[in-house]
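S.K.: For reference, this is entry14.txt, and it has compact mmCIF, C-alpha atoms.
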# COMPACT_ATOMS: atom_id res chain seq x y z
CA MET A 676 137.99 158.31 13.83
CA ALA A 677 141.75 158.59 13.42
CA ARG A 678 143.53 161.75 14.50
CA ARG A 679 144.60 162.55 10.95
CA GLY A 680 141.02 162.08 9.78
CA PHE A 681 139.80 164.77 12.15
CA PHE A 682 142.43 167.25 11.04
CA ALA A 683 141.70 166.32 7.45
CA ALA A 684 138.04 167.08 7.95
CA THR A 685 138.63 170.34 9.74
CA ALA A 686 141.76 171.70 8.09
CA GLY A 687 140.64 171.45 4.48
CA LEU A 688 142.17 168.09 3.63
CA ALA A 689 139.18 165.84 2.96
CA ALA A 690 138.39 164.69 -0.54
CA ALA A 691 135.03 166.46 -0.39
CA VAL A 692 136.72 169.66 -1.46
CA THR A 693 139.19 169.52 -4.34
CA LEU A 694 141.41 172.56 -4.40
CA ALA A 695 143.73 173.43 -7.22
CA ALA A 696 147.41 173.48 -6.35
CA CYS A 697 148.81 176.96 -6.30
CA GLY A 698 151.51 177.80 -8.81
CA GLY A 699 153.54 180.94 -8.94
CA GLY A 700 156.92 182.42 -8.99
CA GLY A 701 159.25 182.35 -6.07
CA GLY A 702 162.39 184.37 -5.84
CA GLY A 703 164.97 184.25 -3.13
CA GLY A 704 163.46 184.37 0.33
CA THR A 705 164.90 186.66 2.97
CA ALA A 706 164.15 187.97 6.40
CA ALA A 707 162.24 191.24 6.47
CA PRO A 708 161.09 193.60 9.20
CA ALA A 709 157.93 192.26 10.83
CA GLY A 710 154.94 193.68 8.97
CA SER A 711 157.05 194.79 6.02
CA ALA A 712 155.88 193.95 2.51
CA GLU A 713 159.39 193.86 1.08
CA PRO A 714 162.32 191.64 2.04
CA ALA A 715 165.27 193.15 3.84
CA ALA A 716 168.82 192.48 2.83
CA SER A 717 170.03 188.92 3.22
CA PRO A 718 171.60 188.20 6.59
CA ALA A 719 175.38 188.10 6.61
CA ALA A 720 176.88 184.77 5.68
CA GLN A 721 177.72 183.06 8.94
CA ALA A 722 177.35 179.66 10.53
CA TRP A 723 173.74 178.93 11.49
CA THR A 724 172.35 176.52 14.03
CA PHE A 725 168.89 175.80 15.41
CA THR A 726 167.52 172.94 17.51
CA ASP A 727 163.95 172.05 16.60
CA ASP A 728 161.22 170.38 18.67
CA ARG A 729 162.40 166.92 17.65
CA GLY A 730 165.60 167.69 19.48
CA LYS A 731 167.32 167.76 16.11
CA LYS A 732 170.23 170.20 15.91
CA LEU A 733 170.41 171.81 12.49
CA GLU A 734 173.74 173.26 11.40
CA LEU A 735 174.61 175.07 8.18
CA ASP A 736 177.65 177.03 7.02
CA LYS A 737 175.46 180.10 6.50
CA THR A 738 172.03 181.36 7.51
CA PRO A 739 169.43 179.85 5.16
CA THR A 740 167.42 182.31 3.09
CA ARG A 741 165.67 180.01 0.62
CA ILE A 742 162.98 178.68 2.95
CA VAL A 743 159.96 176.50 2.14
CA ALA A 744 157.30 176.09 4.83
CA GLN A 745 154.05 174.32 5.56
CA VAL A 746 151.36 176.99 5.31
CA GLY A 747 150.76 177.37 9.07
CA ALA A 748 154.49 177.65 9.70
CA ALA A 749 154.81 180.08 6.79
CA ALA A 750 152.06 182.29 8.27
CA ALA A 751 153.82 182.43 11.63
CA LEU A 752 157.22 183.15 10.10
CA TRP A 753 155.73 185.78 7.80
CA ASP A 754 154.42 187.74 10.78
CA PHE A 755 157.93 187.62 12.26
CA GLY A 756 159.42 189.02 9.07
CA VAL A 757 160.64 185.86 7.36
CA ARG A 758 159.58 185.48 3.73
CA PRO A 759 159.47 181.85 2.52
CA ILE A 760 159.86 181.23 -1.21
CA GLY A 761 157.46 178.28 -1.24
CA VAL A 762 154.55 176.89 0.76
CA PHE A 763 152.60 173.64 0.96
CA GLY A 764 149.28 172.84 2.57
CA PRO A 765 145.96 174.74 2.19
CA HIS A 766 146.86 178.24 1.02
CA LYS A 767 144.53 178.88 -1.92
CA LEU A 768 140.74 178.63 -2.08
CA GLN A 769 138.76 177.45 -5.10
CA ASP A 770 138.14 181.04 -6.19
CA GLY A 771 141.87 181.75 -6.16
CA SER A 772 141.82 183.82 -2.99
CA ARG A 773 144.04 183.20 0.01
CA ASP A 774 143.03 180.45 2.43
CA PRO A 775 142.69 181.79 6.01
CA GLN A 776 145.37 179.32 7.09
CA ALA A 777 147.89 181.31 5.06
CA GLY A 778 147.52 184.28 7.40
CA ASN A 779 149.29 187.31 5.92
CA VAL A 780 151.37 185.34 3.43
CA ASP A 781 151.24 186.95 -0.01
CA ILE A 782 150.42 183.84 -2.04
CA THR A 783 151.19 185.70 -5.29
CA LYS A 784 154.83 185.90 -4.22
CA VAL A 785 155.44 182.30 -3.17
CA THR A 786 155.49 179.03 -5.08
CA GLY A 787 152.73 176.62 -4.11
CA LEU A 788 153.95 173.02 -3.92
CA GLY A 789 150.64 171.47 -2.91
CA ASN A 790 147.28 172.59 -1.64
CA VAL A 791 145.65 169.43 -0.34
CA TRP A 792 146.60 166.44 1.78
CA ASP A 793 149.26 164.14 0.27
CA GLU A 794 150.07 166.66 -2.47
CA PHE A 795 153.67 167.87 -2.57
CA ASN A 796 155.47 168.55 -5.86
CA VAL A 797 158.91 167.15 -5.09
CA GLU A 798 160.39 168.08 -8.46
CA GLN A 799 159.27 171.68 -8.07
CA TYR A 800 160.60 171.69 -4.52
CA ILE A 801 164.02 170.57 -5.74
CA SER A 802 163.98 173.22 -8.47
CA LEU A 803 163.56 175.94 -5.84
CA GLN A 804 166.96 174.96 -4.40
CA PRO A 805 165.66 175.24 -0.83
CA GLU A 806 168.04 175.63 2.07
CA LEU A 807 165.51 174.87 4.83
CA LEU A 808 162.03 173.36 5.16
CA VAL A 809 159.88 174.30 8.17
CA SER A 810 156.73 172.45 9.20
CA SER A 811 154.50 172.16 12.22
CA MET A 812 153.98 168.79 13.92
CA TYR A 813 150.95 167.27 15.67
CA GLU A 814 152.90 164.09 16.37
CA ASN A 815 156.55 164.29 17.30
CA GLY A 816 158.68 163.40 14.30
CA THR A 817 155.89 163.72 11.73
CA LEU A 818 156.09 166.89 9.65
CA TRP A 819 152.58 168.10 8.85
CA TYR A 820 151.66 167.82 5.16
CA VAL A 821 154.96 166.18 4.20
CA PRO A 822 153.71 163.01 2.44
CA GLU A 823 154.92 159.72 3.84
CA LYS A 824 155.59 158.44 0.31
CA SER A 825 158.12 161.17 -0.48
CA LYS A 826 159.41 162.26 2.93
CA ASP A 827 162.78 160.50 2.53
CA THR A 828 163.47 162.32 -0.72
CA ILE A 829 162.32 165.63 0.74
CA GLU A 830 164.56 165.17 3.78
CA GLN A 831 167.57 164.68 1.50
CA VAL A 832 167.08 167.93 -0.39
CA ALA A 833 167.49 170.34 2.53
CA PRO A 834 167.46 170.32 6.34
CA THR A 835 164.00 170.27 7.93
CA ALA A 836 162.80 171.94 11.13
CA GLY A 837 159.74 170.66 13.00
CA ILE A 838 157.73 172.84 15.39
CA MET A 839 155.47 170.91 17.79
CA LEU A 840 151.91 172.20 18.24
CA THR A 841 150.61 169.73 20.83
CA GLY A 842 151.61 169.38 24.46
CA LYS A 843 152.60 173.05 24.48
CA THR A 844 150.90 176.36 25.18
CA ALA A 845 150.37 178.96 22.48
CA THR A 846 152.97 181.23 24.05
CA GLU A 847 155.51 178.40 23.93
CA VAL A 848 154.81 177.71 20.25
CA ILE A 849 154.95 181.41 19.42
CA GLY A 850 158.22 181.68 21.32
CA THR A 851 159.73 178.88 19.25
CA TYR A 852 158.78 180.61 16.01
CA GLU A 853 160.18 183.86 17.38
CA GLU A 854 163.51 182.17 18.13
CA LEU A 855 163.59 180.56 14.69
CA ALA A 856 162.84 183.89 13.00
CA LYS A 857 165.52 185.60 15.06
CA SER A 858 168.05 182.96 14.08
CA LEU A 859 167.13 183.57 10.43
CA GLY A 860 167.99 187.25 10.76
CA ALA A 861 164.50 188.72 10.94
CA ASP A 862 164.07 192.24 12.25
CA LEU A 863 161.71 191.85 15.23
CA ALA A 864 161.05 195.57 15.69
CA GLY A 865 157.29 195.08 15.42
CA VAL A 866 157.14 192.34 18.04
CA PRO A 867 156.78 194.45 21.24
CA GLU A 868 153.60 196.18 20.02
CA ALA A 869 151.99 192.93 18.84
CA LYS A 870 153.01 191.16 22.05
CA ALA A 871 151.47 193.94 24.14
CA ARG A 872 148.19 193.61 22.22
CA MET A 873 148.15 189.86 22.80
CA GLU A 874 148.88 190.27 26.49
CA ALA A 875 146.16 192.91 26.91
CA ALA A 876 143.54 190.71 25.25
CA THR A 877 144.70 187.72 27.28
CA LYS A 878 144.12 189.60 30.54
CA GLU A 879 140.49 190.20 29.58
CA LEU A 880 139.76 186.47 29.40
CA ALA A 881 139.62 186.16 33.19
CA GLY A 882 136.64 188.51 33.24
CA LEU A 883 134.67 186.06 31.08
CA LYS A 884 135.14 183.00 33.28
CA ASP A 885 131.41 182.67 34.13
CA LEU A 886 130.57 181.54 30.59
CA LYS A 887 130.52 177.81 29.83
CA ILE A 888 132.02 177.41 26.37
CA LEU A 889 131.85 174.49 23.94
CA MET A 890 134.43 174.39 21.15
CA MET A 891 133.60 172.23 18.17
CA SER A 892 133.96 171.49 14.49
CA GLY A 893 131.25 170.28 12.15
CA GLY A 894 131.29 167.66 9.40
CA ALA A 895 128.61 166.37 7.09
CA ASP A 896 127.55 163.48 9.31
CA GLN A 897 129.10 164.24 12.68
CA MET A 898 130.51 166.90 14.92
CA TRP A 899 133.65 166.92 16.98
CA VAL A 900 133.94 168.34 20.50
CA VAL A 901 137.54 169.36 20.96
CA ASN A 902 139.59 168.34 23.98
CA PRO A 903 141.26 171.50 25.38
CA PRO A 904 144.54 170.02 26.69
CA GLU A 905 145.57 168.89 23.20
CA TYR A 906 145.38 172.30 21.53
CA ALA A 907 147.92 175.03 22.14
CA ASP A 908 145.44 177.81 21.42
CA ILE A 909 142.72 176.36 23.67
CA ARG A 910 145.21 175.68 26.45
CA HIS A 911 146.00 179.38 26.32
CA LEU A 912 142.32 180.21 26.79
CA VAL A 913 141.85 177.76 29.66
CA ASP A 914 145.08 178.77 31.40
CA ASN A 915 143.88 182.36 31.38
CA GLY A 916 140.40 181.88 32.77
CA LEU A 917 137.92 180.54 30.24
CA ASP A 918 135.65 177.65 31.25
CA ILE A 919 135.71 175.31 28.26
CA VAL A 920 133.88 171.99 28.06
CA VAL A 921 136.11 168.93 28.42
CA PRO A 922 134.58 165.85 26.74
CA ASP A 923 133.67 162.95 29.04
CA LYS A 924 135.23 160.55 26.58
CA VAL A 925 137.72 161.24 23.80
CA ASP A 926 138.52 159.25 20.70
CA GLU A 927 141.83 157.54 20.10
CA GLY A 928 144.56 160.15 19.98
CA GLY A 929 142.90 162.36 22.59
CA PHE A 930 142.10 165.36 20.40
CA PHE A 931 138.30 165.23 20.34
CA GLN A 932 135.09 163.34 20.91
CA THR A 933 133.05 162.40 17.86
CA LEU A 934 129.28 162.82 18.19
CA SER A 935 126.42 162.29 15.79
CA TRP A 936 124.44 165.45 15.08
CA GLU A 937 121.52 163.85 16.93
CA ASN A 938 123.70 163.98 20.06
CA ALA A 939 124.77 167.59 19.59
CA ASP A 940 123.08 168.38 22.92
CA ALA A 941 125.40 166.13 24.93
CA TYR A 942 126.93 169.11 26.75
CA ASP A 943 125.43 172.27 28.21
CA ALA A 944 127.05 175.51 27.12
CA ASP A 945 126.33 179.23 27.18
CA VAL A 946 128.51 179.82 24.13
CA ILE A 947 129.57 177.67 21.18
CA LEU A 948 132.77 178.43 19.31
CA TYR A 949 132.82 176.79 15.86
CA ASP A 950 135.80 175.89 13.71
CA THR A 951 136.16 178.33 10.80
CA ARG A 952 138.65 176.34 8.74
CA THR A 953 137.89 175.66 5.10
CA GLN A 954 136.53 172.14 5.36
CA ALA A 955 134.44 172.59 8.51
CA LEU A 956 130.70 173.21 8.10
CA LYS A 957 129.61 176.84 8.09
CA PRO A 958 127.02 178.00 10.68
CA GLU A 959 124.22 178.06 8.10
CA GLU A 960 124.98 174.42 7.27
CA MET A 961 125.10 173.37 10.92
CA MET A 962 121.79 175.12 11.52
CA LYS A 963 120.18 172.54 9.22
CA LYS A 964 120.91 169.91 11.86
CA PRO A 965 117.76 169.96 14.07
CA THR A 966 119.37 169.09 17.40
CA PHE A 967 122.12 171.62 16.91
CA ALA A 968 119.70 174.35 15.85
CA GLU A 969 117.74 173.87 19.10
CA LEU A 970 120.72 174.27 21.39
CA PRO A 971 120.18 177.16 23.85
CA ALA A 972 123.43 178.86 22.83
CA VAL A 973 122.50 178.68 19.16
CA LYS A 974 118.96 179.98 19.76
CA ALA A 975 120.42 182.82 21.84
CA GLY A 976 122.71 183.78 19.00
CA GLN A 977 125.80 182.98 21.06
CA LEU A 978 127.55 181.09 18.28
CA TYR A 979 130.93 182.63 17.48
CA PRO A 980 133.97 181.73 15.36
CA TRP A 981 136.97 179.79 16.59
CA ARG A 982 139.90 180.92 14.43
CA ALA A 983 141.81 177.67 14.66
CA GLU A 984 143.96 178.82 11.76
CA ALA A 985 145.40 181.80 13.66
CA PRO A 986 149.16 182.00 12.97
CA PHE A 987 151.42 181.27 15.92
CA SER A 988 152.73 184.81 16.12
CA TYR A 989 152.01 187.64 18.54
CA ALA A 990 150.18 189.54 15.79
CA GLY A 991 148.16 186.50 14.79
CA TYR A 992 147.11 185.77 18.36
CA ALA A 993 146.38 189.40 19.13
CA ASP A 994 143.87 189.42 16.25
CA PHE A 995 142.38 186.09 17.36
CA LEU A 996 142.01 187.06 21.02
CA GLU A 997 140.70 190.55 20.39
CA GLU A 998 137.90 189.19 18.21
CA LEU A 999 137.13 186.43 20.70
CA VAL A 1000 136.98 188.82 23.67
CA ALA A 1001 134.70 191.20 21.76
CA ASN A 1002 132.32 188.33 20.94
CA LEU A 1003 132.29 186.86 24.44
CA LYS A 1004 131.53 190.25 25.94
CA LYS A 1005 128.26 190.19 23.98
CA ALA A 1006 127.28 186.83 25.47
CA SER A 1007 125.42 186.16 28.70
CA LYS A 1008 125.00 183.23 31.08
CA LEU A 1009 121.98 181.17 30.00
CA PRO A 1010 119.35 179.82 32.41
Output the file's structure as structure tokens, nothing else.
M.R.:
Amino acid sequence: MARRGFFAATAGLAAAVTLAACGGGGGGGTAAPAGSAEPAASPAAQAWTFTDDRGKKLELDKTPTRIVAQVGAAAALWDFGVRPIGVFGPHKLQDGSRDPQAGNVDITKVTGLGNVWDEFNVEQYISLQPELLVSSMYENGTLWYVPEKSKDTIEQVAPTAGIMLTGKTATEVIGTYEELAKSLGADLAGVPEAKARMEAATKELAGLKDLKILMMSGGADQMWVVNPPEYADIRHLVDNGLDIVVPDKVDEGGFFQTLSWENADAYDADVILYDTRTQALKPEEMMKKPTFAELPAVKAGQLYPWRAEAPFSYAGYADFLEELVANLKKASKLP
């Protein structure tokens, strides 16, 4: 299975779920104090520069305030006090509520340019008069959720910044977003407290090293065992003490191993962490798969969420790690 196919299946992109694109008003975006609901004053007009993870040096005559971002990037920036005016990628569920991938972004105050894979309203994007587009990257040079068919046009409208998510640790990715937010004039007053929470939860991981943990995502006909080195969030867990299953064989791209549900027992584990993103199967659906339901960790009730959509911010990771630590403390080593 291709790398994009896996992310499509687990990040809410597959055709099995058709989500309505989010519309809405979008005023001028500005940098606000971290955690603040209202924008702060626009940063003073001055030359702005930032070098992204493509090695591309961006230079503008003034600090950009009209920012459009892929939903994961928007969630990270939002926690650092930057308020995008538009987002693209899964941000709105079928019932109209906020997709978990949007983090703390107030989707009623941003313009939605697309909600599913290959959906990006270029005309609406142009009408927003953006000054900067920010997106994450799983492959260097490929902006996540920017459609191949319209990327050249999109690139001509405003400068783009790409933030790499693979080959880096979570702290490195968070640090990049912090530097970007700082360059955009955000007030980072709330950062020290959130960073301290993240660091405290991180220290507790070492005390849970005796548990063998399998991290996975479920689809209708197959499951995917994730490969820790390729994920910034999982690298953070491994680097700080957790014992996470590494697949014996990974598919092309290196991100995961695809297994049939009949082979769900390929690896022993005391704990299973399941992908909570929109398109991934919910626990009650996975429990209908006989082999999976009979796994010792599942029968022991040691099946806990993996918040793969956690924003790359100190606040986002503090929430993710605190929940994870609390769950793992309830688990025990299985015979």
S.K.: Which of these, A:Lys924, A:Arg872, A:Lys957, A:Lys857, has the shortest distance to Gly894 of chain A once you count only C-alpha atoms?
M.R.: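 The closest residue to Gly894 of chain A is A:Lys957.
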S.K.: Between A:Glu847, A:Glu798, A:Asp908, A:Asp885, which one has atoms that come closest to Pro986 of chain A, using all atoms listed in the file?
M.R.: A:Asp908
S.K.: For Arg982 of chain A, find every residue with an atom within 10 Å (counting all atoms listed in the file), except residues of its own chain fewer than 5 positions away, and show them as a list of chain:residue names.
M.R.: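 After dropping sequence-adjacent residues, the list is A:Pro775, A:Gln776, A:Asp908, A:Leu948, A:Tyr949, A:Asp950, A:Thr951, A:Arg952, A:Gly991, A:Tyr992, A:Asp994, A:Phe995, A:Leu996, A:Glu998, A:Leu999.
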S.K.: Between A:Lys1005, A:Lys843, A:Lys884, A:Lys963, which has the minimum distance to Asp728 of chain A (counting all atoms listed in the file)?
M.R.: A:Lys843
S.K.: Find, counting all atoms listed in the file, the residue in A:Leu917, A:Ala993, A:Glu734, A:Lys887 that gets nearest to Leu1009 of chain A.
M.R.: A:Lys887
S.K.: List the spatial neighbours of Ile947 of chain A as a compact mmCIF listing (two decimals) with C-alpha atoms, keeping the file's coordinate frame - criterion: any atom at most 6 Å away, only C-alpha atoms, same-chain residues fewer than 5 positions off excluded.
M.R.:
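The result, written out as out-v1.txt:
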# COMPACT_ATOMS: atom_id res chain seq x y z
CA ILE A 888 132.02 177.41 26.37
CA LEU A 889 131.85 174.49 23.94
CA MET A 890 134.43 174.39 21.15
CA LEU A 978 127.55 181.09 18.28
S.K.: Show me, as lines of an AutoDock Vina configuration file, the centre and edge lengths in Å to one decimal of the axis-aligned box that covers every listed atom of segment 741-760 of chain A with 8 Å on each side.
M.R.:
center_x = 158.2
center_y = 181.7
center_z = 5.5
size_x = 30.9
size_y = 30.7
size_z = 29.5
S.K.: What is the atom CA of Leu956 of chain A to atom CA of Ala939 of chain A distance in Å?
M.R.: 14.1 Å
S.K.: Nearest to Ala881 of chain A among A:Val913, A:Val791, A:Ala985, A:Val832, with distances taken over all atoms listed in the file: which residue is it?
M.R.: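 For Ala881 of chain A, the nearest of the given residues is A:Val913.
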S.K.: Record the distance separating atom CA of Ala907 of chain A and atom CA of Ala864 of chain A, expressed in Å with one decimal.
M.R.: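 Separating atom CA of Ala907 of chain A from atom CA of Ala864 of chain A is a distance of 25.2 Å.
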S.K.: Could you tell me how far atom CA of Ala955 of chain A sits from atom CA of Arg773 of chain A, in Å to one decimal place?
M.R.: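 Going from atom CA of Arg773 of chain A over to atom CA of Ala955 of chain A, I get 16.6 Å.
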S.K.: Determine, counting all atoms listed in the file, which protein, DNA and RNA residues have an atom within 8 Å of an atom of Val900 of chain A; residues of the same chain fewer than 2 positions away are not included. Present the result as a PyMOL selection string.
M.R.: chain A and resi 889-892+898+902+922+931-934
S.K.: Pick out the closest residue to Asp943 of chain A from this set: A:Trp899, A:Pro1010, A:Glu960, A:Lys878. Count all atoms listed in the file.
M.R.: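 Answer, going by the shortest atom-to-atom distance: A:Pro1010.
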S.K.: Determine, counting all atoms listed in the file, which protein, DNA and RNA residues have an atom within 9 Å of an atom of Ile742 of chain A; residues of the same chain fewer than 2 positions away are not included. Present the result as a list in words.
M.R.: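 With the cut-off at 9 Å, the set is Gly703, Gly704, Thr705, Pro739, Thr740, Ala744, Val757, Arg758, Pro759, Ile760, Gly761, Val762, Pro805, Glu806, Leu807, Leu808 and Val809 of chain A.
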S.K.: Output segment 775-789 of chain A from the block with N, CA, C and O atoms, as an mmCIF file, in the first residue's frame?
M.R.:
data_model
loop_
_atom_site.group_PDB
_atom_site.id
_atom_site.type_symbol
_atom_site.label_atom_id
_atom_site.label_comp_id
_atom_site.auth_asym_id
_atom_site.auth_seq_id
_atom_site.Cartn_x
_atom_site.Cartn_y
_atom_site.Cartn_z
ATOM 1 N N PRO A 775 -10.922 16.450 15.349
ATOM 2 C CA PRO A 775 -9.828 16.477 16.325
ATOM 3 C C PRO A 775 -8.514 17.006 15.756
ATOM 4 O O PRO A 775 -7.702 17.581 16.485
ATOM 5 N N GLN A 776 -8.303 16.818 14.440
ATOM 6 C CA GLN A 776 -7.063 17.299 13.853
ATOM 7 C C GLN A 776 -6.944 18.815 13.888
ATOM 8 O O GLN A 776 -5.846 19.363 13.746
ATOM 9 N N ALA A 777 -8.054 19.502 14.086
ATOM 10 C CA ALA A 777 -8.033 20.964 14.135
ATOM 11 C C ALA A 777 -7.576 21.495 15.486
ATOM 12 O O ALA A 777 -7.389 22.705 15.641
ATOM 13 N N GLY A 778 -7.400 20.601 16.458
ATOM 14 C CA GLY A 778 -6.922 21.047 17.764
ATOM 15 C C GLY A 778 -7.838 22.100 18.369
ATOM 16 O O GLY A 778 -9.052 21.922 18.449
ATOM 17 N N ASN A 779 -7.262 23.237 18.755
ATOM 18 C CA ASN A 779 -8.034 24.313 19.378
ATOM 19 C C ASN A 779 -8.492 25.374 18.395
ATOM 20 O O ASN A 779 -9.038 26.411 18.801
ATOM 21 N N VAL A 780 -8.275 25.146 17.100
ATOM 22 C CA VAL A 780 -8.689 26.135 16.104
ATOM 23 C C VAL A 780 -10.199 26.350 16.173
ATOM 24 O O VAL A 780 -10.975 25.389 16.181
ATOM 25 N N ASP A 781 -10.615 27.595 16.235
ATOM 26 C CA ASP A 781 -12.041 27.926 16.208
ATOM 27 C C ASP A 781 -12.476 27.918 14.745
ATOM 28 O O ASP A 781 -12.250 28.882 14.013
ATOM 29 N N ILE A 782 -13.096 26.811 14.313
ATOM 30 C CA ILE A 782 -13.429 26.671 12.895
ATOM 31 C C ILE A 782 -14.555 27.603 12.464
ATOM 32 O O ILE A 782 -14.826 27.731 11.265
ATOM 33 N N THR A 783 -15.217 28.271 13.412
ATOM 34 C CA THR A 783 -16.244 29.256 13.047
ATOM 35 C C THR A 783 -15.615 30.594 12.676
ATOM 36 O O THR A 783 -16.297 31.484 12.180
ATOM 37 N N LYS A 784 -14.318 30.719 12.929
ATOM 38 C CA LYS A 784 -13.642 31.998 12.669
ATOM 39 C C LYS A 784 -12.592 31.908 11.575
ATOM 40 O O LYS A 784 -11.812 32.854 11.383
ATOM 41 N N VAL A 785 -12.560 30.794 10.871
ATOM 42 C CA VAL A 785 -11.630 30.636 9.754
ATOM 43 C C VAL A 785 -12.406 30.190 8.527
ATOM 44 O O VAL A 785 -13.488 29.612 8.634
ATOM 45 N N THR A 786 -11.855 30.450 7.359
ATOM 46 C CA THR A 786 -12.464 30.003 6.109
ATOM 47 C C THR A 786 -11.926 28.625 5.752
ATOM 48 O O THR A 786 -10.709 28.430 5.719
ATOM 49 N N GLY A 787 -12.812 27.696 5.499
ATOM 50 C CA GLY A 787 -12.404 26.352 5.110
ATOM 51 C C GLY A 787 -12.266 26.267 3.595
ATOM 52 O O GLY A 787 -13.213 26.551 2.859
ATOM 53 N N LEU A 788 -11.091 25.887 3.124
ATOM 54 C CA LEU A 788 -10.822 25.816 1.690
ATOM 55 C C LEU A 788 -10.937 24.396 1.143
ATOM 56 O O LEU A 788 -10.878 24.189 -0.066
ATOM 57 N N GLY A 789 -11.093 23.442 2.023
ATOM 58 C CA GLY A 789 -11.188 22.041 1.609
ATOM 59 C C GLY A 789 -11.139 21.173 2.840
ATOM 60 O O GLY A 789 -10.459 21.502 3.810
#
